[in-house]
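Okay, so here's the structure we're looking at.
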Amino acid sequence: MLTTQDSENWAVEFTRTDGEMQSVQDGFTSQDDAEYYGQCTWASPGGRGIDQVRVRQLPRGQWLPVAPASVCGGIRL
């Protein structure tokens with residue numbers, strides 16, 4: 001995802017259950033978009049082993065925890 005100079009830039013961090021960082025994705029244009037991506041990734045089959053998801057506004061925002069999703073994309077999980 002690409003952002004323009006005038007838009008916000010949010011990142012999502014995934015931490016594994018063993019304490020190691022799995023990955024960070026950035027380029028989200030809003031906190032809601034970043035949280036939605038984090039929740040849906042966490043809830044998907046590929047999200048097994050993820051212990052924590054956090055989002056922050058780049059470049060220096062504080063990391064904010066994201067709650068697990070019970071609904072993602074209109075489908076109850």
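In the structure tokens, chains take letters A, B, ... by order of appearance, with residues numbered from 1 within each chain and ligands from 1 in the order shown.
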Q | Who sits within 9 Å of A:Ser23, only C-alpha atoms, same chain under 5 positions skipped, as an MDAnalysis selection string | A | chainID A and resid 12:15
May I have the residues from that selection written out with N, CA, C and O atoms, as a PDB file, in the first residue's frame?
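Here's the written file again36.pdb:
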```pdb
ATOM      1  N   VAL A  12       0.968  -1.800  11.337  1.00  0.00           N
ATOM      2  CA  VAL A  12       0.426  -2.900  12.141  1.00  0.00           C
ATOM      3  C   VAL A  12       1.584  -3.821  12.492  1.00  0.00           C
ATOM      4  O   VAL A  12       2.372  -4.201  11.618  1.00  0.00           O
ATOM      5  N   GLU A  13       1.704  -4.185  13.763  1.00  0.00           N
ATOM      6  CA  GLU A  13       2.747  -5.103  14.218  1.00  0.00           C
ATOM      7  C   GLU A  13       2.097  -6.370  14.747  1.00  0.00           C
ATOM      8  O   GLU A  13       1.139  -6.317  15.514  1.00  0.00           O
ATOM      9  N   PHE A  14       2.612  -7.508  14.317  1.00  0.00           N
ATOM     10  CA  PHE A  14       2.146  -8.818  14.788  1.00  0.00           C
ATOM     11  C   PHE A  14       3.249  -9.447  15.625  1.00  0.00           C
ATOM     12  O   PHE A  14       4.392  -9.552  15.171  1.00  0.00           O
ATOM     13  N   THR A  15       2.908  -9.866  16.851  1.00  0.00           N
ATOM     14  CA  THR A  15       3.860 -10.537  17.730  1.00  0.00           C
ATOM     15  C   THR A  15       3.411 -11.975  17.926  1.00  0.00           C
ATOM     16  O   THR A  15       2.239 -12.239  18.187  1.00  0.00           O
TER      17      THR A  15
END
```
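The residues of chain A that DSSP assigns to helix (DSSP H, G or I) on this backbone come out as Gln31, Asp32, Asp33, Ala34, Glu35, Tyr36, Tyr37, Gly38, Gln39, Cys40, Thr41, Trp42, Ala43, Pro45, Gly46 and Gly47 of chain A.
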Just to be explicit: take each residue in the selection above, keep C-alpha atoms, and write the result as a PDB file, in the first residue's frame.
```
ATOM      1  CA  GLN A  31      -6.143   3.799  12.211  1.00  0.00           C
ATOM      2  CA  ASP A  32      -9.396   2.007  11.353  1.00  0.00           C
ATOM      3  CA  ASP A  33      -7.875   0.474   8.206  1.00  0.00           C
ATOM      4  CA  ALA A  34      -4.799  -0.679  10.132  1.00  0.00           C
ATOM      5  CA  GLU A  35      -6.890  -2.173  12.949  1.00  0.00           C
ATOM      6  CA  TYR A  36      -9.210  -3.940  10.475  1.00  0.00           C
ATOM      7  CA  TYR A  37      -6.255  -5.474   8.641  1.00  0.00           C
ATOM      8  CA  GLY A  38      -4.678  -6.549  11.941  1.00  0.00           C
ATOM      9  CA  GLN A  39      -7.893  -8.077  13.269  1.00  0.00           C
ATOM     10  CA  CYS A  40      -8.697  -9.944  10.053  1.00  0.00           C
ATOM     11  CA  THR A  41      -5.150 -11.261   9.695  1.00  0.00           C
ATOM     12  CA  TRP A  42      -5.165 -12.396  13.329  1.00  0.00           C
ATOM     13  CA  ALA A  43      -8.523 -14.141  12.885  1.00  0.00           C
ATOM     14  CA  PRO A  45      -6.067 -19.357   9.426  1.00  0.00           C
ATOM     15  CA  GLY A  46      -2.705 -17.699   8.722  1.00  0.00           C
ATOM     16  CA  GLY A  47      -2.957 -15.870  12.043  1.00  0.00           C
TER      17      GLY A  47
END
```
If we count only C-alpha atoms, what is near A:Ala11 at a cut-off of 7 Å, once residues fewer than 4 positions away on the same chain are taken out, given as a compact mmCIF listing (two decimals) with all heavy atoms, in the first residue's frame?
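Contents of part15.txt, as written:
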```
# COMPACT_ATOMS: atom_id res chain seq x y z
N VAL A 24 5.78 -6.50 10.47
CA VAL A 24 5.18 -5.17 10.53
C VAL A 24 4.76 -4.80 9.11
O VAL A 24 5.54 -4.96 8.17
CB VAL A 24 6.16 -4.10 11.09
CG1 VAL A 24 5.56 -2.71 11.00
CG2 VAL A 24 6.57 -4.43 12.51
N GLN A 25 3.53 -4.34 8.97
CA GLN A 25 3.02 -3.86 7.69
C GLN A 25 2.70 -2.38 7.87
O GLN A 25 2.06 -2.02 8.86
CB GLN A 25 1.75 -4.61 7.29
CG GLN A 25 1.92 -6.09 7.12
CD GLN A 25 2.69 -6.44 5.86
OE1 GLN A 25 2.58 -5.77 4.86
NE2 GLN A 25 3.47 -7.48 5.94
N ASP A 26 3.11 -1.54 6.94
CA ASP A 26 2.76 -0.12 7.05
C ASP A 26 2.11 0.36 5.77
O ASP A 26 1.90 -0.40 4.84
CB ASP A 26 3.98 0.72 7.42
CG ASP A 26 5.03 0.76 6.33
OD1 ASP A 26 4.87 0.09 5.30
OD2 ASP A 26 6.02 1.47 6.51
N GLY A 27 1.73 1.64 5.75
CA GLY A 27 1.12 2.23 4.58
C GLY A 27 -0.39 2.35 4.67
O GLY A 27 -1.04 2.67 3.68
N PHE A 28 -0.98 2.10 5.83
CA PHE A 28 -2.42 2.23 5.99
C PHE A 28 -2.77 3.70 6.19
O PHE A 28 -2.09 4.42 6.91
CB PHE A 28 -2.90 1.40 7.18
CG PHE A 28 -2.66 -0.07 6.98
CD1 PHE A 28 -1.51 -0.67 7.48
CD2 PHE A 28 -3.54 -0.84 6.26
CE1 PHE A 28 -1.26 -2.02 7.28
CE2 PHE A 28 -3.30 -2.20 6.05
CZ PHE A 28 -2.16 -2.78 6.56
N ALA A 34 -5.88 0.12 9.55
CA ALA A 34 -4.80 -0.68 10.13
C ALA A 34 -5.36 -1.70 11.12
O ALA A 34 -4.96 -2.87 11.11
CB ALA A 34 -3.79 0.23 10.82
N VAL A 55 -1.14 -1.34 16.61
CA VAL A 55 -1.06 -0.38 15.51
C VAL A 55 -0.44 0.91 16.05
O VAL A 55 -0.49 1.19 17.25
CB VAL A 55 -2.45 -0.06 14.90
CG1 VAL A 55 -3.07 -1.30 14.30
CG2 VAL A 55 -3.39 0.58 15.90
N ARG A 56 0.16 1.69 15.14
CA ARG A 56 0.64 3.01 15.53
C ARG A 56 0.74 3.90 14.31
O ARG A 56 0.91 3.43 13.18
CB ARG A 56 1.98 2.96 16.24
CG ARG A 56 3.17 2.78 15.35
CD ARG A 56 4.44 2.94 16.13
NE ARG A 56 5.58 2.89 15.22
CZ ARG A 56 6.80 3.19 15.56
NH1 ARG A 56 7.07 3.56 16.79
NH2 ARG A 56 7.76 3.13 14.69
N GLN A 57 0.64 5.20 14.56
CA GLN A 57 0.82 6.17 13.49
C GLN A 57 2.31 6.45 13.35
O GLN A 57 3.00 6.71 14.34
CB GLN A 57 0.05 7.46 13.79
CG GLN A 57 0.05 8.41 12.61
CD GLN A 57 -0.86 9.60 12.85
OE1 GLN A 57 -1.27 9.86 13.96
NE2 GLN A 57 -1.16 10.32 11.79
N LEU A 58 2.78 6.36 12.12
CA LEU A 58 4.20 6.63 11.87
C LEU A 58 4.40 8.13 11.67
O LEU A 58 3.50 8.82 11.23
CB LEU A 58 4.64 5.85 10.62
CG LEU A 58 4.52 4.33 10.74
CD1 LEU A 58 4.87 3.67 9.42
CD2 LEU A 58 5.40 3.80 11.85
```
Q: Write out as number ranges by chain all residues of chain A that DSSP puts in strand (DSSP E) for this structure's backbone.
A: A: 10-16, 21-28, 50-57, 64-65, 71-72, 75-76
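We find atom CA of A:Ser44 and atom CA of A:Gln62 to be spaced 25.7 Å apart.
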(Q) I'd like the interatomic distance between atom CA of A:Arg60 and atom CA of A:Ser30, to a tenth of an Å. (A) 15.0 Å
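Atom to atom, atom CA of A:Gln22 and atom CA of A:Ser70 stand 21.9 Å apart.
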